[in-house]
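Have a look at the structure below, then the notes.
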Amino acid sequence: MKRLVILGAGTAGTMMANHLSHELDKEECEIDIIDEREEHYYQPGYLFLPFDIYEPEDIVKSIREFIPKGVRLLNDKIEKVDAEKNLVLMENGDRLHYDILIIATGAKIAPEEVEGMKGDEWHRSVFDFYTFEGALTLRNKLREWEGGKLVVHITEMPIKCPVAPLEFSFLADSYFKNKKMRDKVEITYVTPLSGAFTKPKATAALDHLLQEKNIKVETDFAIAEVDNENKKIIDYGGKEIEFDLLVTVPTNKGDELMERSGLGDELNYVPTNKATLQSQKYQNIFVIGDASNIPASKAGSVAHFEAEILTENILRYIKGEPLKEEFDGHANCFVETGNGKALLIDFNYTHEPVEGEFPFPGVGPLRLLKESRMNHMGKLAFRWIYWNVLLKGTHIPFVSATMQESGKHF
């Protein structure tokens, strides 16, 4: 009997538990999944919570609701992984042996990495929306805020869902217009990048939208500190940007467990083969989702595509067969642009977002790199798909795990 242990019951870990429970013989392999939390959060919903588009109950459910029958869920804190001895050491003293380990511990914000960010103004005039608590307190702030200088800021890359800060800026524009107070709000988008996004063609489209919505852009901003007393962010070159309300995306890091276990890099991400999703150091360890250091977007769609490929590679590993070097960094993201519209981008390691049709070539019905209400409806529909299809490991037949070139205008 082989034991397969999954660390983390978030998006990636839950999908893997469901995929593998469908594929593995329960008489030959037992699956454990470990997470100290008892609630599962629909993280894309954090973007909508501050603007009263979603309610808290729309994005929080019990973890147990999505763990398949036959998979053991352990609600305990992990002290460390001893990869040399194939052991997971629990905080309560238990020692769990594994034959195969899947790391799905995700990424977390680390505001303490920037001087002053988590200071006296944290969740008062300085907010994040990458946590449930941050998004909820920001919602309460926006309900009563009377206007001023709103700064939407990214500390450094990589971050979960690279387009989310842009979406926040666009939704803020729409939100304040609907409240008849857009003229009282100056929105500035501040990024460490040289453009609005990591891909040039998408950057051109997004820059156009920022200009159209009268959102100022400050690029190449490497933050050194948050001056809480004077309400400024200051970069290493001395540039200062004033704010009345700062919505920041702090440094994103992998779980501290990876540091304690000696498995992570300087940001606690696990060095991973970008094509097979196998650990670069240990053959019986695999990594999925935001926990890895692969150069793909840290987004739910990426974890979904990874899960399908990793499932096959786990089966191959068990059989002693060569792993498929198949994951191509495929990402598929809706970008909310406000006023009931959205863009759709589709890209991978080697292809940047381009125009075209998705998912059916020449038919769509979704258009790539084009604003439309259909794309917005797709974004909202994704919540139902997430809870009812993706988490349960159900294959979507018309969406390939690898990026398809047909239907795209390169």
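So you can find residues: chains in the structure tokens are A, B, ... in the order shown, residues in each start at 1, and ligands are numbered from 1 in order.
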All residues 8 Å or closer to region 5-9 of chain A, only C-alpha atoms, same chain fewer than 2 positions away omitted, as a PyMOL selection string: chain A and resi 3+11-14+17+31-35+40+63+98-106
Could you write out that same residue set with C-alpha atoms as a PDB file, in the first residue's frame?
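In the end it all went to part_38.pdb:
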ATOM      1  CA  ARG A   3       0.664   6.556   0.770  1.00  0.00           C
ATOM      2  CA  THR A  11      -7.515  25.234  -4.926  1.00  0.00           C
ATOM      3  CA  ALA A  12      -4.601  23.135  -6.216  1.00  0.00           C
ATOM      4  CA  GLY A  13      -4.559  20.588  -3.398  1.00  0.00           C
ATOM      5  CA  THR A  14      -8.302  19.987  -3.497  1.00  0.00           C
ATOM      6  CA  ALA A  17      -7.271  15.063  -4.225  1.00  0.00           C
ATOM      7  CA  ILE A  31      -4.472   9.575   0.035  1.00  0.00           C
ATOM      8  CA  ASP A  32      -4.111  12.041   2.898  1.00  0.00           C
ATOM      9  CA  ILE A  33      -4.557  15.801   2.575  1.00  0.00           C
ATOM     10  CA  ILE A  34      -3.412  18.172   5.321  1.00  0.00           C
ATOM     11  CA  ASP A  35      -4.545  21.721   6.044  1.00  0.00           C
ATOM     12  CA  HIS A  40     -12.044  27.089   1.779  1.00  0.00           C
ATOM     13  CA  ILE A  63     -13.071  22.529   3.210  1.00  0.00           C
ATOM     14  CA  TYR A  98       4.696   9.229   2.517  1.00  0.00           C
ATOM     15  CA  ASP A  99       5.739   7.497  -0.670  1.00  0.00           C
ATOM     16  CA  ILE A 100       4.687  10.469  -2.815  1.00  0.00           C
ATOM     17  CA  LEU A 101       4.328  14.057  -1.622  1.00  0.00           C
ATOM     18  CA  ILE A 102       2.396  16.796  -3.433  1.00  0.00           C
ATOM     19  CA  ILE A 103       3.122  20.328  -2.251  1.00  0.00           C
ATOM     20  CA  ALA A 104       0.126  22.639  -2.726  1.00  0.00           C
ATOM     21  CA  THR A 105       0.748  25.121   0.061  1.00  0.00           C
ATOM     22  CA  GLY A 106       0.135  28.198  -2.073  1.00  0.00           C
TER      23      GLY A 106
END
Selection: 10 Å around Asp82 (chain A), only C-alpha atoms, excl. self and same-chain fewer than 5 positions, as a ChimeraX atom specification: /A:87-89,95,97,260-263
Write to file, as an mmCIF file, in the first residue's frame, the residues of the selection just made, with N, CA and C atoms.
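File written: result-v5.cif
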data_model
loop_
_atom_site.group_PDB
_atom_site.id
_atom_site.type_symbol
_atom_site.label_atom_id
_atom_site.label_comp_id
_atom_site.auth_asym_id
_atom_site.auth_seq_id
_atom_site.Cartn_x
_atom_site.Cartn_y
_atom_site.Cartn_z
ATOM 1 N N LEU A 87 9.076 11.991 5.508
ATOM 2 C CA LEU A 87 8.199 12.180 6.659
ATOM 3 C C LEU A 87 7.622 13.591 6.687
ATOM 4 N N VAL A 88 6.353 13.680 7.085
ATOM 5 C CA VAL A 88 5.735 14.958 7.410
ATOM 6 C C VAL A 88 5.590 14.989 8.923
ATOM 7 N N LEU A 89 6.230 15.957 9.563
ATOM 8 C CA LEU A 89 6.221 16.059 11.016
ATOM 9 C C LEU A 89 5.175 17.080 11.438
ATOM 10 N N ARG A 95 3.977 11.759 13.217
ATOM 11 C CA ARG A 95 4.906 11.619 12.099
ATOM 12 C C ARG A 95 4.194 10.823 11.009
ATOM 13 N N HIS A 97 4.373 9.158 7.332
ATOM 14 C CA HIS A 97 5.241 8.700 6.246
ATOM 15 C C HIS A 97 4.524 8.841 4.909
ATOM 16 N N ARG A 260 11.143 26.239 6.694
ATOM 17 C CA ARG A 260 11.490 25.366 7.819
ATOM 18 C C ARG A 260 11.992 24.003 7.355
ATOM 19 N N SER A 261 11.504 23.576 6.183
ATOM 20 C CA SER A 261 11.839 22.248 5.669
ATOM 21 C C SER A 261 13.043 22.248 4.739
ATOM 22 N N GLY A 262 13.564 23.433 4.431
ATOM 23 C CA GLY A 262 14.696 23.520 3.522
ATOM 24 C C GLY A 262 14.336 23.176 2.092
ATOM 25 N N LEU A 263 13.082 23.383 1.727
ATOM 26 C CA LEU A 263 12.618 23.025 0.383
ATOM 27 C C LEU A 263 12.416 24.230 -0.527
#
Taking only C-alpha atoms into account, produce a table as CSV in which each residue of region 260-288 of chain A with an atom at most 10 Å from an atom of region 245-254 of chain A appears once, together with its shortest atom pair and the distance in Å to one decimal, ordered by chain and rising number.
residue,atom,partner,partner_atom,distance
A:Gly264,CA,A:Gly254,CA,7.8
A:Asp265,CA,A:Gly254,CA,8.9
A:Glu266,CA,A:Lys253,CA,8.8
A:Leu267,CA,A:Lys253,CA,5.1
A:Asn268,CA,A:Gly254,CA,4.4
A:Tyr269,CA,A:Gly254,CA,4.9
A:Val270,CA,A:Gly254,CA,8.0
Test item: residues at most 9 Å from region 325-339 of chain A, only C-alpha atoms, excluding those fewer than 2 positions along its chain, as an MDAnalysis selection string: chainID A and resid 161 163:164 166:175 209 273:277 294:303 305:306 309:310 313 323 341:350 371 373 375:376 378:379 401:403
Those residues with C-alpha atoms, as a PDB file, in the first residue's frame please?
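New file result_21.pdb:
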ATOM      1  CA  CYS A 161      -3.156  36.724 -10.278  1.00  0.00           C
ATOM      2  CA  VAL A 163      -3.900  41.177 -13.456  1.00  0.00           C
ATOM      3  CA  ALA A 164      -5.845  41.584 -10.185  1.00  0.00           C
ATOM      4  CA  LEU A 166      -5.331  46.312 -12.709  1.00  0.00           C
ATOM      5  CA  GLU A 167      -8.815  44.870 -12.305  1.00  0.00           C
ATOM      6  CA  PHE A 168      -9.089  46.593  -8.934  1.00  0.00           C
ATOM      7  CA  SER A 169      -8.198  49.924 -10.556  1.00  0.00           C
ATOM      8  CA  PHE A 170     -10.796  49.466 -13.308  1.00  0.00           C
ATOM      9  CA  LEU A 171     -13.503  48.373 -10.865  1.00  0.00           C
ATOM     10  CA  ALA A 172     -12.687  51.323  -8.598  1.00  0.00           C
ATOM     11  CA  ASP A 173     -13.241  53.674 -11.547  1.00  0.00           C
ATOM     12  CA  SER A 174     -16.616  52.061 -12.221  1.00  0.00           C
ATOM     13  CA  TYR A 175     -17.535  51.954  -8.509  1.00  0.00           C
ATOM     14  CA  LEU A 209      -7.807  51.351 -20.870  1.00  0.00           C
ATOM     15  CA  ASN A 273      10.622  21.328 -13.227  1.00  0.00           C
ATOM     16  CA  LYS A 274       8.410  23.664 -15.255  1.00  0.00           C
ATOM     17  CA  ALA A 275       7.317  20.941 -17.708  1.00  0.00           C
ATOM     18  CA  THR A 276       6.783  17.904 -15.423  1.00  0.00           C
ATOM     19  CA  LEU A 277       5.959  19.684 -12.100  1.00  0.00           C
ATOM     20  CA  ILE A 294       7.911  27.926 -12.288  1.00  0.00           C
ATOM     21  CA  PRO A 295       7.648  31.023 -14.545  1.00  0.00           C
ATOM     22  CA  ALA A 296       3.879  30.710 -15.021  1.00  0.00           C
ATOM     23  CA  SER A 297       1.176  32.979 -13.622  1.00  0.00           C
ATOM     24  CA  LYS A 298       0.075  32.228 -10.098  1.00  0.00           C
ATOM     25  CA  ALA A 299      -3.606  31.879 -10.983  1.00  0.00           C
ATOM     26  CA  GLY A 300      -6.430  29.392 -10.518  1.00  0.00           C
ATOM     27  CA  SER A 301      -6.581  28.548 -14.216  1.00  0.00           C
ATOM     28  CA  VAL A 302      -2.909  27.573 -14.146  1.00  0.00           C
ATOM     29  CA  ALA A 303      -3.495  25.245 -11.191  1.00  0.00           C
ATOM     30  CA  PHE A 305      -4.291  23.006 -16.165  1.00  0.00           C
ATOM     31  CA  GLU A 306      -1.405  21.770 -14.018  1.00  0.00           C
ATOM     32  CA  ILE A 309      -1.064  17.068 -16.388  1.00  0.00           C
ATOM     33  CA  LEU A 310       0.276  16.324 -12.901  1.00  0.00           C
ATOM     34  CA  ASN A 313       2.554  12.205 -14.241  1.00  0.00           C
ATOM     35  CA  LEU A 323       7.117  11.625 -16.919  1.00  0.00           C
ATOM     36  CA  LYS A 341     -17.170  44.433 -19.319  1.00  0.00           C
ATOM     37  CA  ALA A 342     -14.028  42.288 -19.282  1.00  0.00           C
ATOM     38  CA  LEU A 343     -11.095  41.199 -21.405  1.00  0.00           C
ATOM     39  CA  LEU A 344      -9.958  37.600 -21.832  1.00  0.00           C
ATOM     40  CA  ILE A 345      -6.279  36.712 -22.203  1.00  0.00           C
ATOM     41  CA  ASP A 346      -4.808  33.313 -23.072  1.00  0.00           C
ATOM     42  CA  PHE A 347      -1.044  32.709 -23.027  1.00  0.00           C
ATOM     43  CA  ASN A 348       1.773  30.366 -21.977  1.00  0.00           C
ATOM     44  CA  TYR A 349       5.552  30.250 -21.518  1.00  0.00           C
ATOM     45  CA  THR A 350       6.296  31.092 -25.147  1.00  0.00           C
ATOM     46  CA  GLU A 371     -13.603  44.127 -24.080  1.00  0.00           C
ATOM     47  CA  ARG A 373     -20.046  41.935 -21.772  1.00  0.00           C
ATOM     48  CA  ASN A 375     -16.312  38.120 -21.140  1.00  0.00           C
ATOM     49  CA  HIS A 376     -17.697  39.795 -18.017  1.00  0.00           C
ATOM     50  CA  GLY A 378     -17.738  34.511 -18.205  1.00  0.00           C
ATOM     51  CA  LYS A 379     -15.843  35.988 -15.264  1.00  0.00           C
ATOM     52  CA  ALA A 401      -4.611  21.963 -20.441  1.00  0.00           C
ATOM     53  CA  THR A 402      -2.057  23.125 -23.006  1.00  0.00           C
ATOM     54  CA  MET A 403      -2.494  26.312 -25.021  1.00  0.00           C
TER      55      MET A 403
END
DSSP helix (DSSP H, G or I) selection over region 250-400 of chain A, as number ranges by chain: A: 256-261, 289-291, 300-319, 373-390
Contacts of Ser62 (chain A) at 7 Å (only C-alpha atoms; same-chain gap of 3+ positions) as a PyMOL selection string: chain A and resi 38-40+65
Spatial neighbours of Glu28 (chain A), max dist 12 Å, only C-alpha atoms, sep filter under 5 positions, as an mmCIF file with N, CA and C atoms, in the first residue's frame:
data_model
loop_
_atom_site.group_PDB
_atom_site.id
_atom_site.type_symbol
_atom_site.label_atom_id
_atom_site.label_comp_id
_atom_site.auth_asym_id
_atom_site.auth_seq_id
_atom_site.Cartn_x
_atom_site.Cartn_y
_atom_site.Cartn_z
ATOM 1 N N MET A 1 0.844 -1.207 0.000
ATOM 2 C CA MET A 1 0.000 0.000 0.000
ATOM 3 C C MET A 1 0.871 1.246 0.000
ATOM 4 N N LYS A 2 0.707 2.088 -1.010
ATOM 5 C CA LYS A 2 1.448 3.339 -1.085
ATOM 6 C C LYS A 2 0.638 4.454 -0.446
ATOM 7 N N ARG A 3 1.346 5.399 0.179
ATOM 8 C CA ARG A 3 0.664 6.556 0.770
ATOM 9 C C ARG A 3 1.062 7.812 0.003
ATOM 10 N N LEU A 4 0.055 8.532 -0.458
ATOM 11 C CA LEU A 4 0.242 9.794 -1.144
ATOM 12 C C LEU A 4 -0.278 10.898 -0.240
ATOM 13 N N SER A 21 -8.277 10.661 -6.569
ATOM 14 C CA SER A 21 -9.244 9.706 -6.006
ATOM 15 C C SER A 21 -10.033 9.023 -7.118
ATOM 16 N N GLU A 23 -8.673 8.288 -10.057
ATOM 17 C CA GLU A 23 -7.746 7.499 -10.873
ATOM 18 C C GLU A 23 -7.038 6.370 -10.132
ATOM 19 N N ILE A 318 4.130 6.262 -10.436
ATOM 20 C CA ILE A 318 3.788 5.036 -9.700
ATOM 21 C C ILE A 318 4.111 3.795 -10.519
#
Proximity to Tyr42 (chain A) - best of A:Leu73, A:Ile396, A:Ala202, A:Leu390, only C-alpha atoms: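 Selected residue with least distance to Tyr42 (chain A): A:Leu390.
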Separation of CA of Gly237 (chain A) from CA of Thr188 (chain A) in Å: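 We find that CA of Thr188 (chain A) and CA of Gly237 (chain A) lie 18.7 Å from each other.
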Shell around Arg383 (chain A) at 9 Å using only C-alpha atoms, local window under 5 positions removed, as a list in words: Tyr42, Pro44, Gly45, Asp58, Ile59 and Asn388 of chain A
Which of region 238-300 of chain A fall in strand (DSSP E), as a ChimeraX atom specification: /A:240-242,245-249,252-254,285-287
Can I get the selected residues back with C-alpha atoms, as a PDB file, in the first residue's frame?
ATOM      1  CA  GLU A 240       7.368  59.863  -3.378  1.00  0.00           C
ATOM      2  CA  ILE A 241       3.680  59.244  -4.093  1.00  0.00           C
ATOM      3  CA  GLU A 242       1.078  60.636  -1.719  1.00  0.00           C
ATOM      4  CA  LEU A 245      -6.077  55.471   0.613  1.00  0.00           C
ATOM      5  CA  LEU A 246      -3.404  52.941  -0.310  1.00  0.00           C
ATOM      6  CA  VAL A 247      -4.492  49.577  -1.718  1.00  0.00           C
ATOM      7  CA  THR A 248      -1.314  47.559  -1.946  1.00  0.00           C
ATOM      8  CA  VAL A 249      -0.304  44.105  -3.083  1.00  0.00           C
ATOM      9  CA  ASN A 252       3.982  37.352  -2.124  1.00  0.00           C
ATOM     10  CA  LYS A 253       5.888  34.435  -0.608  1.00  0.00           C
ATOM     11  CA  GLY A 254       5.511  30.687  -0.412  1.00  0.00           C
ATOM     12  CA  ILE A 285       7.922  15.209  -4.507  1.00  0.00           C
ATOM     13  CA  PHE A 286       5.688  17.128  -6.913  1.00  0.00           C
ATOM     14  CA  VAL A 287       4.593  20.768  -6.724  1.00  0.00           C
TER      15      VAL A 287
END
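Excluding Lys408 (chain A) itself and any same-chain residue fewer than 4 positions from it, the protein and nucleic acid residues within 7 Å of it, counting only C-alpha atoms, are Val354, Glu355, Gly356 and Glu357 of chain A.
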Go ahead and dump the residues you just picked, N, CA and C atoms, as a short mmCIF file (atom, residue, chain, number, x, y, z; two decimals), in the first residue's frame.
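Generated output (again.cif):
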data_model
loop_
_atom_site.label_atom_id
_atom_site.label_comp_id
_atom_site.auth_asym_id
_atom_site.auth_seq_id
_atom_site.Cartn_x
_atom_site.Cartn_y
_atom_site.Cartn_z
N VAL A 354 -2.79 37.17 -27.40
CA VAL A 354 -3.08 37.68 -28.74
C VAL A 354 -4.59 37.71 -28.94
N GLU A 355 -5.03 38.32 -30.03
CA GLU A 355 -6.45 38.34 -30.36
C GLU A 355 -6.87 37.00 -30.95
N GLY A 356 -8.16 36.76 -30.93
CA GLY A 356 -8.68 35.51 -31.49
C GLY A 356 -9.98 35.13 -30.81
N GLU A 357 -10.33 33.85 -30.92
CA GLU A 357 -11.58 33.35 -30.35
C GLU A 357 -11.27 32.24 -29.35
#
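Counting only C-alpha atoms, the residue from A:Phe66, A:Trp122, A:Trp384, A:Phe48 that sits nearest to Leu136 (chain A) is A:Phe48.
The residue that comes closest to Ile53 (chain A), out of A:Arg139, A:Lys370, A:Glu84, A:Met15 and on the basis of only C-alpha atoms, is A:Arg139.
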Nearest to Ser406 (chain A) by atom-to-atom distance, counting only C-alpha atoms, from A:Pro162, A:Tyr130, A:Gly364, A:Leu142: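 Once distances to Ser406 (chain A) are computed over only C-alpha atoms, the minimum belongs to A:Gly364.
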Minimum-distance residue to Gly70 (chain A), chosen among A:Glu55, A:Asp94, A:Asp120, A:Asp25 (using only C-alpha atoms): A:Asp25
